[in-house]
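Student: If it helps, the file is called upload26.txt and holds compact mmCIF, C-alpha atoms:
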```txt
# COMPACT_ATOMS: atom_id res chain seq x y z
CA MET K 1 -22.53 -10.22 -6.98
CA SER K 2 -20.05 -12.93 -6.26
CA GLU K 3 -17.47 -12.72 -3.51
CA PRO K 4 -14.39 -12.26 -5.78
CA VAL K 5 -16.06 -9.33 -7.54
CA LEU K 6 -16.87 -7.66 -4.22
CA ARG K 7 -13.34 -8.28 -2.96
CA LEU K 8 -11.91 -6.71 -6.13
CA ALA K 9 -14.25 -3.72 -5.80
CA VAL K 10 -13.16 -3.15 -2.20
CA LEU K 11 -9.47 -3.47 -3.09
CA LEU K 12 -9.86 -1.02 -5.97
CA ALA K 13 -11.69 1.44 -3.71
CA ILE K 14 -8.90 1.22 -1.13
CA PHE K 15 -6.25 1.60 -3.84
CA PHE K 16 -7.80 4.70 -5.42
CA SER K 17 -8.54 6.33 -2.07
CA CYS K 18 -4.89 5.82 -1.09
CA LEU K 19 -3.80 7.38 -4.38
CA ALA K 20 -6.06 10.36 -3.72
CA ALA K 21 -4.66 10.76 -0.21
CA ILE K 22 -1.10 10.64 -1.51
CA GLU K 23 -1.88 13.18 -4.22
CA LEU K 24 -3.48 15.50 -1.66
CA ALA K 25 -0.51 15.15 0.70
CA ILE K 26 1.95 15.94 -2.08
CA TYR K 27 -0.12 18.94 -3.21
CA LEU K 28 -0.36 20.30 0.33
CA SER K 29 3.34 19.84 1.00
CA ILE K 30 4.43 21.61 -2.19
CA ALA K 31 1.75 24.24 -2.86
CA VAL K 32 0.53 25.12 0.62
CA PHE K 33 3.40 24.47 3.02
CA LYS K 34 6.16 25.15 0.44
CA LEU K 35 8.23 22.21 1.68
CA PRO K 36 9.04 19.93 -1.28
CA LEU K 37 10.87 17.43 0.93
CA LEU K 38 7.63 16.85 2.80
CA ALA K 39 6.27 15.27 -0.39
CA LEU K 40 8.56 12.30 0.25
CA VAL K 41 6.68 11.35 3.42
CA PRO K 42 3.63 9.72 1.76
CA ILE K 43 5.87 8.04 -0.81
CA ALA K 44 8.07 6.64 1.96
CA ALA K 45 5.00 5.49 3.89
CA VAL K 46 3.65 3.61 0.87
CA LEU K 47 7.04 2.02 0.18
CA ALA K 48 7.37 0.96 3.82
CA PHE K 49 3.90 -0.57 3.72
CA LEU K 50 4.65 -2.45 0.49
CA ILE K 51 7.92 -3.78 1.92
CA PHE K 52 6.13 -4.86 5.11
CA VAL K 53 3.39 -6.67 3.18
CA GLY K 54 5.91 -8.24 0.81
CA ARG K 55 8.03 -9.59 3.65
CA ARG K 56 4.97 -10.92 5.45
CA ASN K 57 3.76 -12.74 2.34
CA LEU K 58 7.25 -14.08 1.66
CA LEU K 59 7.51 -15.45 5.19
CA ARG K 60 4.04 -16.98 4.98
CA THR K 61 4.85 -18.64 1.64
CA HIS K 62 8.18 -19.92 2.95
CA ARG K 63 6.53 -21.31 6.07
CA ARG K 64 3.84 -23.00 3.97
CA PHE K 65 6.54 -24.53 1.76
CA LEU K 66 8.39 -25.88 4.79
CA ASP K 67 5.18 -27.28 6.29
CA SER K 68 4.34 -29.12 3.07
CA ALA K 69 7.77 -30.78 3.01
CA GLU K 70 7.09 -32.70 6.21
```
Can the structure in the file be given as structure tokens, please?
Tutor:
Amino acid sequence: MSEPVLRLAVLLAIFFSCLAAIELAIYLSIAVFKLPLLALVPIAAVLAFLIFVGRRNLLRTHRRFLDSAE
């Protein structure tokens, strides 16, 4: 298989395993531990990660734009 197909397969595997982990964490927090607020922890972790990655990509793109202007 070509490299882009393998990269997509790996990214999809990571994505679906993260979804499964979040679903399990939410189930455990609500059904087992009986703490509904604990279900917000995996959601907050995913949001924090997405914000971190988004800022990093934004800074990289901005830096690349500034470098190309020289």
Student: Excluding stretch 31-43 of chain K and its own-chain neighbours fewer than 4 positions away, which residues fall within 6 Å of it when counting all atoms listed in the file? Please give them as number ranges by chain.
Tutor: K: 22, 26-27
Student: Box time for stretch 3-22 of chain K: axis-aligned, enclosing all its listed atoms, 4 Å extra on each side; report centre and edge lengths in Å to one decimal, as JSON.
Tutor:
```
{"center_x": -9.3, "center_y": -1.0, "center_z": -3.9, "size_x": 24.4, "size_y": 31.5, "size_z": 15.3}
```
Student: Using Å and a single decimal, report how far atom CA of K:Leu50 sits from atom CA of K:Ala21.
Tutor: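 The value is 16.2 Å.
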Student: Enter the distance from atom CA of K:Leu24 to atom CA of K:Arg56, in Å, rounded to one decimal.
Tutor: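 Separating atom CA of K:Leu24 from atom CA of K:Arg56 is a distance of 28.6 Å.
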